[in-house]
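Asker: Input file: query22.tsv. Contents: TSV, C-alpha atoms.
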chain	number	residue	atom	x	y	z
K	23	MET	CA	-8.79	-9.97	17.97
K	24	ASN	CA	-5.11	-9.87	17.01
K	25	ALA	CA	-6.00	-9.17	13.38
K	26	TYR	CA	-8.10	-6.17	14.41
K	27	VAL	CA	-5.23	-4.75	16.51
K	28	VAL	CA	-2.81	-5.11	13.59
K	29	VAL	CA	-5.18	-3.53	11.07
K	30	ILE	CA	-5.96	-0.62	13.40
K	31	ALA	CA	-2.24	-0.12	14.20
K	32	VAL	CA	-1.28	-0.09	10.50
K	33	GLY	CA	-4.16	2.30	9.77
K	34	LEU	CA	-3.25	4.73	12.55
K	35	LEU	CA	0.49	4.71	11.79
K	36	SER	CA	-0.16	5.11	8.05
K	37	TYR	CA	-2.29	8.13	8.92
K	38	ALA	CA	0.60	9.46	11.04
K	39	PHE	CA	2.78	9.23	7.91
K	40	ARG	CA	0.15	11.13	5.93
K	41	VAL	CA	0.01	14.04	8.39
K	42	SER	CA	3.69	13.98	9.47
K	43	MET	CA	5.01	16.66	7.13
K	44	LEU	CA	1.87	18.78	7.51
K	45	VAL	CA	2.46	18.91	11.27
K	46	LEU	CA	6.15	19.62	10.78
K	47	ALA	CA	5.39	22.35	8.27
K	48	ALA	CA	2.88	23.98	10.65
K	49	ARG	CA	5.33	24.01	13.57
K	50	ARG	CA	8.65	24.84	11.98
K	51	GLY	CA	8.10	25.14	8.27
K	52	LEU	CA	9.38	22.43	5.99
K	53	PRO	CA	13.16	22.09	5.81
K	54	PRO	CA	14.36	23.49	2.44
K	55	VAL	CA	15.66	20.08	1.42
K	56	PHE	CA	12.13	18.65	1.79
K	57	GLU	CA	10.72	21.45	-0.34
K	58	ARG	CA	13.21	20.58	-3.08
K	59	ALA	CA	12.83	16.82	-2.63
K	60	ALA	CA	9.02	16.94	-2.71
K	61	ARG	CA	8.89	17.71	-6.42
K	62	PHE	CA	10.67	14.42	-7.12
K	63	ALA	CA	8.32	12.37	-4.91
K	64	VAL	CA	5.67	11.60	-7.53
K	65	PRO	CA	7.90	10.69	-10.52
K	66	THR	CA	10.28	8.59	-8.41
K	67	ALA	CA	7.51	6.79	-6.50
K	68	PHE	CA	5.56	6.00	-9.65
K	69	ALA	CA	8.64	4.98	-11.67
K	70	GLY	CA	9.66	2.68	-8.82
K	71	LEU	CA	6.18	1.14	-8.63
K	72	VAL	CA	6.08	0.52	-12.41
K	73	ALA	CA	9.54	-1.09	-12.38
K	74	GLY	CA	8.54	-3.21	-9.38
K	75	SER	CA	5.38	-4.43	-11.12
K	76	LEU	CA	7.42	-5.41	-14.20
K	77	VAL	CA	9.76	-7.42	-11.99
K	78	THR	CA	6.73	-9.12	-10.45
K	79	SER	CA	5.40	-9.96	-13.94
K	80	ALA	CA	8.82	-11.29	-14.97
K	81	SER	CA	9.06	-13.49	-11.89
K	82	ALA	CA	5.61	-14.88	-12.77
K	83	GLY	CA	7.04	-15.98	-16.14
K	84	ARG	CA	5.52	-13.29	-18.33
K	85	ALA	CA	7.79	-10.34	-18.94
K	86	VAL	CA	7.59	-9.64	-22.67
K	87	ALA	CA	4.01	-8.39	-22.97
K	88	PRO	CA	4.08	-6.11	-19.87
K	89	VAL	CA	7.46	-4.59	-20.83
K	90	LEU	CA	6.32	-3.90	-24.41
K	91	ALA	CA	3.02	-2.50	-23.13
K	92	VAL	CA	4.83	-0.10	-20.78
K	93	ALA	CA	7.20	0.89	-23.62
K	94	ALA	CA	4.23	1.55	-25.93
K	95	ALA	CA	2.51	3.57	-23.20
K	96	ALA	CA	5.61	5.68	-22.58
K	97	PHE	CA	6.09	6.29	-26.31
K	98	ALA	CA	2.45	7.29	-26.79
K	99	VAL	CA	2.49	9.71	-23.87
K	100	ARG	CA	5.78	11.21	-25.03
K	101	ARG	CA	4.43	11.73	-28.55
K	102	THR	CA	1.01	13.10	-27.60
K	103	GLY	CA	1.74	14.79	-24.26
K	104	SER	CA	-1.41	13.22	-22.84
K	105	PRO	CA	-1.05	10.84	-19.86
K	106	HIS	CA	-4.36	9.17	-20.75
K	107	MET	CA	-2.76	7.75	-23.91
K	108	ALA	CA	-0.83	5.34	-21.69
K	109	LEU	CA	-3.87	3.09	-21.26
K	110	LEU	CA	-5.15	3.50	-24.80
K	111	ALA	CA	-1.79	2.45	-26.25
K	112	GLY	CA	-0.59	0.08	-23.54
K	113	MET	CA	-3.57	-2.25	-23.04
K	114	PRO	CA	-4.03	-3.21	-26.73
K	115	VAL	CA	-0.28	-3.90	-27.02
K	116	LEU	CA	-0.48	-6.02	-23.85
K	117	TRP	CA	-3.39	-8.08	-25.20
K	118	ALA	CA	-1.89	-8.42	-28.70
K	119	VAL	CA	1.56	-9.51	-27.51
K	120	THR	CA	0.04	-11.89	-24.95
K	121	ALA	CA	-2.03	-13.49	-27.73
K	122	VAL	CA	1.01	-13.79	-30.04
K	123	VAL	CA	3.22	-15.26	-27.30
K	124	ALA	CA	0.49	-17.75	-26.36
K	125	HIS	CA	0.41	-19.20	-29.89
A	7	MET	CA	-7.79	30.12	-16.90
A	8	HIS	CA	-10.11	30.02	-13.89
A	9	SER	CA	-12.39	32.82	-12.80
A	10	ASP	CA	-12.21	34.72	-9.54
A	11	THR	CA	-14.27	33.38	-6.66
A	12	ARG	CA	-16.06	36.70	-5.92
A	13	SER	CA	-19.44	35.78	-7.36
A	14	THR	CA	-23.05	35.35	-6.38
A	15	PRO	CA	-23.93	32.65	-3.82
A	16	THR	CA	-25.64	30.56	-6.50
A	17	SER	CA	-22.81	30.67	-9.01
A	18	SER	CA	-20.35	30.19	-6.15
A	19	THR	CA	-22.15	27.00	-5.16
A	20	SER	CA	-22.24	25.77	-8.75
A	21	THR	CA	-18.54	26.62	-9.16
A	22	ARG	CA	-17.72	24.65	-6.04
A	23	LEU	CA	-19.68	21.71	-7.34
A	24	ALA	CA	-18.00	22.01	-10.75
A	25	ASP	CA	-14.55	21.99	-9.12
A	26	PHE	CA	-15.50	18.94	-7.07
A	27	ILE	CA	-16.90	17.13	-10.11
A	28	GLY	CA	-13.81	18.11	-12.12
A	29	GLY	CA	-11.64	16.36	-9.53
A	30	ALA	CA	-13.92	13.31	-9.57
A	31	ARG	CA	-13.70	13.22	-13.37
A	32	SER	CA	-9.91	13.34	-13.31
A	33	THR	CA	-9.98	10.26	-11.08
A	34	VAL	CA	-12.07	8.18	-13.50
A	35	PRO	CA	-9.10	6.74	-15.49
A	36	TRP	CA	-7.61	5.52	-12.22
A	37	LEU	CA	-10.83	3.75	-11.29
A	38	PHE	CA	-10.49	1.24	-14.16
A	39	GLY	CA	-7.41	-0.15	-12.46
A	40	ILE	CA	-8.38	0.50	-8.89
A	41	ALA	CA	-11.84	-1.07	-8.88
A	42	PRO	CA	-10.57	-4.54	-10.00
A	43	PHE	CA	-7.69	-4.22	-7.52
A	44	GLY	CA	-10.21	-3.43	-4.76
A	45	LEU	CA	-12.35	-6.40	-5.81
A	46	VAL	CA	-9.32	-8.69	-5.63
A	47	ILE	CA	-8.42	-7.39	-2.16
A	48	GLY	CA	-12.02	-7.95	-1.05
A	49	VAL	CA	-11.96	-11.51	-2.35
A	50	SER	CA	-8.59	-12.22	-0.69
A	51	ALA	CA	-9.90	-10.73	2.58
A	52	ALA	CA	-12.87	-13.10	2.40
A	53	ARG	CA	-10.65	-16.12	1.72
A	54	ALA	CA	-7.93	-15.30	4.29
A	55	ASP	CA	-7.85	-16.95	7.68
A	56	ILE	CA	-8.86	-13.75	9.47
A	57	PRO	CA	-12.23	-12.27	10.44
A	58	LEU	CA	-13.94	-10.96	7.29
A	59	PHE	CA	-14.63	-7.60	8.93
A	60	ALA	CA	-10.94	-7.18	9.86
A	61	GLY	CA	-9.97	-7.79	6.23
A	62	TRP	CA	-12.61	-5.36	5.00
A	63	LEU	CA	-11.49	-2.78	7.57
A	64	THR	CA	-8.10	-2.52	5.82
A	65	GLY	CA	-9.92	-0.55	3.08
A	66	PRO	CA	-11.28	2.40	5.05
A	67	LEU	CA	-8.52	2.36	7.70
A	68	ILE	CA	-5.29	1.75	5.74
A	69	PHE	CA	-6.56	2.94	2.33
A	70	ALA	CA	-3.42	1.83	0.46
A	71	GLY	CA	-3.72	-1.23	-1.78
A	72	SER	CA	-0.20	-2.70	-1.54
A	73	ALA	CA	-0.05	-2.28	2.24
A	74	GLN	CA	-3.52	-3.86	2.54
A	75	VAL	CA	-2.45	-6.84	0.45
A	76	ALA	CA	0.68	-7.28	2.60
A	77	THR	CA	-1.34	-7.00	5.82
A	78	ILE	CA	-3.97	-9.54	4.73
A	79	GLU	CA	-1.44	-12.00	3.27
A	80	LEU	CA	0.85	-11.88	6.30
A	81	LEU	CA	-2.05	-12.18	8.77
A	82	ASP	CA	-3.33	-15.12	6.73
A	83	THR	CA	0.04	-16.89	7.15
A	84	HIS	CA	-0.01	-16.13	10.91
A	85	THR	CA	3.06	-13.91	10.76
A	86	ALA	CA	3.98	-12.14	14.01
A	87	ALA	CA	1.92	-8.97	14.49
A	88	VAL	CA	5.01	-6.73	14.79
A	89	VAL	CA	6.40	-8.02	11.47
A	90	VAL	CA	3.05	-7.41	9.74
A	91	VAL	CA	2.95	-3.83	11.01
A	92	ILE	CA	6.58	-3.13	10.02
A	93	ALA	CA	6.11	-4.63	6.53
A	94	ALA	CA	2.95	-2.60	5.87
A	95	LEU	CA	4.52	0.60	7.18
A	96	ALA	CA	7.64	0.06	5.05
A	97	ILE	CA	5.38	-0.03	2.00
A	98	ASN	CA	3.57	3.09	3.19
A	99	LEU	CA	6.70	5.06	4.06
A	100	ARG	CA	6.34	6.90	0.76
A	101	LEU	CA	3.31	8.64	2.32
A	102	VAL	CA	5.76	10.82	4.28
A	103	LEU	CA	7.07	12.24	1.01
A	104	TYR	CA	3.54	12.60	-0.31
A	105	SER	CA	2.73	14.53	2.85
A	106	ALA	CA	5.72	16.81	2.22
A	107	SER	CA	4.55	17.22	-1.36
A	108	MET	CA	1.13	18.49	-0.28
A	109	ALA	CA	2.27	20.52	2.76
A	110	ARG	CA	3.28	23.42	0.52
A	111	TYR	CA	-0.28	23.64	-0.85
A	112	TRP	CA	-2.24	22.92	2.33
A	113	HIS	CA	-0.38	24.94	4.98
A	114	GLU	CA	-2.87	27.81	4.87
A	115	MET	CA	-5.93	25.58	5.34
A	116	PRO	CA	-7.62	24.88	8.73
A	117	ARG	CA	-6.28	21.91	10.66
A	118	TRP	CA	-9.52	19.93	10.38
A	119	TRP	CA	-9.36	20.31	6.60
A	120	GLN	CA	-5.72	19.21	6.50
A	121	ALA	CA	-6.53	16.23	8.76
A	122	PHE	CA	-9.34	15.14	6.45
A	123	ALA	CA	-7.41	15.75	3.21
A	124	ALA	CA	-4.39	13.86	4.54
A	125	PHE	CA	-6.57	10.87	5.41
A	126	LEU	CA	-7.38	10.57	1.68
A	127	LEU	CA	-3.77	10.96	0.51
A	128	ILE	CA	-2.55	8.07	-1.64
A	129	ASP	CA	-0.96	7.65	-5.10
A	130	PRO	CA	-4.01	8.47	-7.30
A	131	SER	CA	-5.27	11.32	-5.10
A	132	LEU	CA	-1.74	12.75	-5.01
A	133	ALA	CA	-1.52	12.60	-8.81
A	134	VAL	CA	-4.96	14.16	-9.34
A	135	GLY	CA	-4.29	16.76	-6.63
A	136	ALA	CA	-0.82	17.66	-7.95
A	137	ASP	CA	-2.25	18.10	-11.46
A	138	GLY	CA	-4.95	20.38	-10.04
A	139	TYR	CA	-2.46	22.52	-8.11
A	140	ASP	CA	-0.28	22.77	-11.24
A	141	THR	CA	-3.08	23.83	-13.58
A	142	ILE	CA	-5.68	25.66	-11.44
A	143	SER	CA	-4.46	29.10	-10.43
A	144	ASP	CA	-7.08	29.65	-7.70
A	145	ARG	CA	-5.83	27.64	-4.74
A	146	ARG	CA	-9.33	27.24	-3.17
A	147	ARG	CA	-10.65	25.73	-6.39
A	148	ALA	CA	-7.65	23.40	-6.56
A	149	HIS	CA	-8.42	22.25	-2.99
A	150	ARG	CA	-11.97	21.34	-4.06
A	151	HIS	CA	-10.57	19.59	-7.13
A	152	TYR	CA	-8.37	17.47	-4.85
A	153	LEU	CA	-11.25	16.61	-2.52
A	154	GLY	CA	-13.54	15.69	-5.44
A	155	GLY	CA	-10.98	13.24	-6.75
A	156	ALA	CA	-9.92	11.87	-3.37
A	157	ILE	CA	-13.45	11.31	-2.03
A	158	THR	CA	-14.52	9.61	-5.27
A	159	LEU	CA	-11.49	7.38	-5.04
A	160	PHE	CA	-12.20	6.48	-1.41
A	161	VAL	CA	-15.87	5.67	-2.05
A	162	VAL	CA	-15.12	3.49	-5.10
A	163	TRP	CA	-12.26	1.78	-3.29
A	164	VAL	CA	-14.35	0.82	-0.25
A	165	LEU	CA	-17.26	-0.17	-2.49
A	166	ALA	CA	-15.04	-2.43	-4.63
A	167	ILE	CA	-13.59	-4.12	-1.52
A	168	THR	CA	-17.09	-4.59	-0.10
A	169	ILE	CA	-18.34	-6.20	-3.33
A	170	GLY	CA	-15.25	-8.40	-3.54
A	171	ALA	CA	-15.55	-9.46	0.10
A	172	THR	CA	-19.26	-10.22	-0.04
A	173	ALA	CA	-19.94	-11.40	-3.58
A	174	GLY	CA	-16.52	-12.93	-4.22
A	175	SER	CA	-16.61	-11.71	-7.79
A	176	ARG	CA	-14.40	-13.45	-10.31
A	177	LEU	CA	-12.49	-11.16	-12.60
A	178	PRO	CA	-11.77	-12.31	-16.16
A	179	SER	CA	-8.02	-12.95	-15.91
A	180	GLY	CA	-7.59	-12.70	-19.69
A	181	LEU	CA	-8.11	-8.95	-19.50
A	182	GLN	CA	-4.96	-8.61	-17.35
A	183	LEU	CA	-6.51	-5.68	-15.54
A	184	GLU	CA	-3.69	-5.80	-13.00
A	185	MET	CA	-1.60	-3.99	-15.64
A	186	VAL	CA	-3.94	-0.99	-15.74
A	187	ILE	CA	-2.31	0.63	-12.72
A	188	PRO	CA	1.33	0.25	-13.91
A	189	LEU	CA	0.35	1.61	-17.33
A	190	PHE	CA	-1.50	4.54	-15.84
A	191	LEU	CA	1.47	5.26	-13.56
A	192	THR	CA	3.72	5.16	-16.66
A	193	GLY	CA	1.58	7.90	-18.19
A	194	GLU	CA	1.82	9.96	-15.02
A	195	VAL	CA	5.62	9.58	-14.89
A	196	VAL	CA	6.36	10.29	-18.57
A	197	HIS	CA	4.00	13.26	-18.48
A	198	ARG	CA	6.15	14.77	-15.69
A	199	LEU	CA	9.57	14.30	-17.32
A	200	ARG	CA	9.96	17.95	-18.23
A	201	ASP	CA	13.54	18.57	-17.12
A	202	LYS	CA	16.81	16.72	-16.72
A	203	PRO	CA	16.82	16.35	-12.89
A	204	THR	CA	13.29	14.88	-12.89
A	205	THR	CA	14.13	12.49	-15.74
A	206	CYS	CA	17.32	11.32	-14.02
A	207	ALA	CA	15.43	10.93	-10.71
A	208	ALA	CA	12.73	8.77	-12.31
A	209	VAL	CA	15.22	6.60	-14.22
A	210	ALA	CA	17.32	6.10	-11.08
A	211	ALA	CA	14.23	5.12	-9.07
A	212	ALA	CA	13.18	2.59	-11.72
A	213	VAL	CA	16.65	1.02	-11.89
A	214	VAL	CA	17.01	0.85	-8.11
A	215	ALA	CA	13.49	-0.59	-7.78
A	216	VAL	CA	14.55	-3.49	-10.01
A	217	LEU	CA	17.84	-3.99	-8.17
A	218	ALA	CA	16.16	-3.70	-4.76
A	219	THR	CA	13.56	-6.40	-5.41
A	220	PRO	CA	15.28	-8.88	-3.04
A	221	VAL	CA	15.38	-6.33	-0.19
A	222	PRO	CA	13.36	-7.79	2.69
A	223	LEU	CA	10.16	-6.38	4.26
A	224	HIS	CA	9.03	-4.83	0.96
A	225	LEU	CA	11.56	-2.03	1.49
A	226	GLY	CA	12.44	-1.96	-2.23
A	227	PRO	CA	10.03	0.86	-3.18
A	228	ILE	CA	11.20	3.21	-0.44
A	229	VAL	CA	14.88	2.50	-1.27
A	230	ALA	CA	14.07	3.28	-4.92
A	231	ILE	CA	12.30	6.54	-4.03
A	232	ALA	CA	15.17	7.61	-1.76
A	233	ALA	CA	17.73	6.86	-4.50
A	234	GLY	CA	15.67	8.68	-7.13
A	235	VAL	CA	15.16	11.75	-4.95
A	236	ALA	CA	18.88	11.83	-4.09
A	237	VAL	CA	19.80	11.73	-7.79
A	238	GLY	CA	17.21	14.43	-8.55
A	239	LEU	CA	18.55	16.71	-5.81
A	240	TYR	CA	22.15	16.13	-6.99
A	241	MET	CA	21.29	16.94	-10.62
A	242	ASP	CA	19.25	19.95	-9.54
A	243	ARG	CA	22.18	21.36	-7.56
A	244	ARG	CA	24.66	20.60	-10.35
A	245	ASP	CA	22.51	22.40	-12.95
A	246	GLN	CA	22.15	25.56	-10.84
Turn this file's structure into structure tokens for me.
Answerer:
Amino acid sequence: MNAYVVVIAVGLLSYAFRVSMLVLAARRGLPPVFERAARFAVPTAFAGLVAGSLVTSASAGRAVAPVLAVAAAAFAVRRTGSPHMALLAGMPVLWAVTAVVAH
Amino acid sequence: MHSDTRSTPTSSTSTRLADFIGGARSTVPWLFGIAPFGLVIGVSAARADIPLFAGWLTGPLIFAGSAQVATIELLDTHTAAVVVVIAALAINLRLVLYSASMARYWHEMPRWWQAFAAFLLIDPSLAVGADGYDTISDRRRAHRHYLGGAITLFVVWVLAITIGATAGSRLPSGLQLEMVIPLFLTGEVVHRLRDKPTTCAAVAAAVVAVLATPVPLHLGPIVAIAAGVAVGLYMDRRDQ
């Protein structure tokens, strides 16, 4: 029963986060600082998540392949301008470096 | 780039469907990373010392992978309920910024639509939606693009968790599919580094995320976002 209460509470409060700024915007309009900050939300959140996942990989004893894969992905996207190149460049580098390190 | 919406009912219907499918298509690259992640969450929900249905319910109710993992893991170790809720919400605090990010696009839509769209708001749907609002000039078509991507994501997510929870599928670990999401996120970040403030904001967030790893309650990501946004705002003001 306790597990259900926790899951429902987290679900409802997460939903409150999702609608919070929509409600605020409807009532008062978004504060100008939020308007300016919002454009940085995606790049900062995603950069933070990538860095966090690399730290997790490093703490699991395998840092080289993930770091090189992310570097290859960033380079490929920078060169081509296509975000989809991240996977096409990153995964083969990840597999190749993992195989080399394993030997 | 996109045509006006004043058209015949038939073509209007087909345009709507095309917008929806376009959004779903843009979500496909995400699904390669998300489906295995959902399977893993389903398997861990089945193995945790909690009712299977409660673990499964994290999918449709919380709809945020990292927060779901934290909730299931902490419940499994019999952590106090308040701590579980705080930890999961700390991870999901970024949703407030995502909400602010979408408020500028959604403010003219009916409340029921906003309520539904917000329910589906998470990293991949934000990325697909933001791309749509950047590239599709007709706002109504961009809304349908967002919904197409977000609904596809939700359905695949819940399906993957269901399969993982019931069939207990084993993923080939050699494929290292857990790296698909970080790599895809890398593409989404680098693609957006079009000016100095954004670049500085992203770099600052990455550095702080590494430094903030020991911060308790999984608060590292939100500290990193806050630091990155602060740097971005500072650089933006300095450049003006």
Asker: Within 6 Å of chain K, which residues belong to chain A? Use all atoms listed in the file and report them as JSON, numbers by chain.
Answerer: {"A": [60, 67, 68, 91, 101, 102, 105, 106, 107, 109, 124, 188, 189, 190, 191, 193, 194, 195, 197, 208, 211, 212, 215, 227, 230, 231, 234, 235]}
Asker: Write the residues you've just listed into a file as a compact mmCIF listing (two decimals), in the frame of the given file, and include C-alpha atoms for each of them.
Answerer:
# COMPACT_ATOMS: atom_id res chain seq x y z
CA ALA A 60 -10.94 -7.18 9.86
CA LEU A 67 -8.52 2.36 7.70
CA ILE A 68 -5.29 1.75 5.74
CA VAL A 91 2.95 -3.83 11.01
CA LEU A 101 3.31 8.64 2.32
CA VAL A 102 5.76 10.82 4.28
CA SER A 105 2.73 14.53 2.85
CA ALA A 106 5.72 16.81 2.22
CA SER A 107 4.55 17.22 -1.36
CA ALA A 109 2.27 20.52 2.76
CA ALA A 124 -4.39 13.86 4.54
CA PRO A 188 1.33 0.25 -13.91
CA LEU A 189 0.35 1.61 -17.33
CA PHE A 190 -1.50 4.54 -15.84
CA LEU A 191 1.47 5.26 -13.56
CA GLY A 193 1.58 7.90 -18.19
CA GLU A 194 1.82 9.96 -15.02
CA VAL A 195 5.62 9.58 -14.89
CA HIS A 197 4.00 13.26 -18.48
CA ALA A 208 12.73 8.77 -12.31
CA ALA A 211 14.23 5.12 -9.07
CA ALA A 212 13.18 2.59 -11.72
CA ALA A 215 13.49 -0.59 -7.78
CA PRO A 227 10.03 0.86 -3.18
CA ALA A 230 14.07 3.28 -4.92
CA ILE A 231 12.30 6.54 -4.03
CA GLY A 234 15.67 8.68 -7.13
CA VAL A 235 15.16 11.75 -4.95
Asker: Which value, in Å to one decimal, gives the distance between CA of Leu159 (chain A) and CA of Ile40 (chain A)?
Answerer: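 CA of Ile40 (chain A) lies at a distance of 8.5 Å from CA of Leu159 (chain A).
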Asker: Do a neighbour search on Gly71 (chain A) at 10 Å with all atoms listed in the file, toss out local chain neighbours closer than 6 positions, and write the hits as number ranges by chain.
Answerer: A: 40, 43-44, 47, 64-65, 77, 97-98, 128-129, 163
Asker: Could you jot down the CA of Phe160 (chain A) to CA of Leu225 (chain A) separation for me, Å, one decimal place?
Answerer: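 Between CA of Phe160 (chain A) and CA of Leu225 (chain A) the gap is 25.4 Å.
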Asker: Which polymer residues, whether protein, DNA or RNA, lie within 9 Å of the coordinate (-5.4, 11.7, -5.3) when you count all atoms listed in the file? List them as a VMD selection string, using the chain letters and numbers from the file.
Answerer: chain A and resid 29 33 126 to 136 152 to 153 155 to 157 159
Asker: Take the residues that were just selected and, keeping C-alpha atoms, output them as a CSV table (one decimal), keeping the file's coordinate frame.
Answerer:
chain,number,residue,atom,x,y,z
A,29,GLY,CA,-11.6,16.4,-9.5
A,33,THR,CA,-10.0,10.3,-11.1
A,126,LEU,CA,-7.4,10.6,1.7
A,127,LEU,CA,-3.8,11.0,0.5
A,128,ILE,CA,-2.6,8.1,-1.6
A,129,ASP,CA,-1.0,7.6,-5.1
A,130,PRO,CA,-4.0,8.5,-7.3
A,131,SER,CA,-5.3,11.3,-5.1
A,132,LEU,CA,-1.7,12.8,-5.0
A,133,ALA,CA,-1.5,12.6,-8.8
A,134,VAL,CA,-5.0,14.2,-9.3
A,135,GLY,CA,-4.3,16.8,-6.6
A,136,ALA,CA,-0.8,17.7,-8.0
A,152,TYR,CA,-8.4,17.5,-4.8
A,153,LEU,CA,-11.2,16.6,-2.5
A,155,GLY,CA,-11.0,13.2,-6.8
A,156,ALA,CA,-9.9,11.9,-3.4
A,157,ILE,CA,-13.4,11.3,-2.0
A,159,LEU,CA,-11.5,7.4,-5.0
Asker: One decimal, in Å: what's the spacing between CA of Ile92 (chain A) and CA of Ala210 (chain A)?
Answerer: 25.4 Å
Asker: Compare A:Gly39, A:Gly138, A:Gly238, A:Pro57 by their minimum atom-to-atom distance to Val209 (chain A), counting all atoms listed in the file, and give me the closest one.
Answerer: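 Closest candidate: A:Gly238.
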Asker: Counting only C-alpha atoms, I want the residues whose atoms come within 8 Å of (13.6, 15.8, -11.8) in the file frame, returned as a list in words.
Answerer: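 Selection result: Arg61, Phe62 and Pro65 of chain K; Leu199, Arg200, Asp201, Lys202, Pro203, Thr204, Thr205, Cys206, Ala207, Ala208, Gly238, Leu239, Met241 and Asp242 of chain A.
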Asker: The centre and edge lengths of an axis-aligned box containing all atoms of region 85-94 of chain K present in the file, extended by 6 Å on each side, are to be given in Å to one decimal, as AutoDock Vina command-line options.
Answerer:
--center_x 5.4 --center_y -4.4 --center_z -22.4 --size_x 16.8 --size_y 23.9 --size_z 19.0
Asker: Which residues come within 8 Å of Gly154 (chain A), counting only C-alpha atoms, excluding same-chain residues fewer than 5 positions away, as a list in words?
Answerer: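 Using only C-alpha atoms, the neighbours found are Asp25, Phe26, Ile27, Gly28, Gly29 and Ala30 of chain A.
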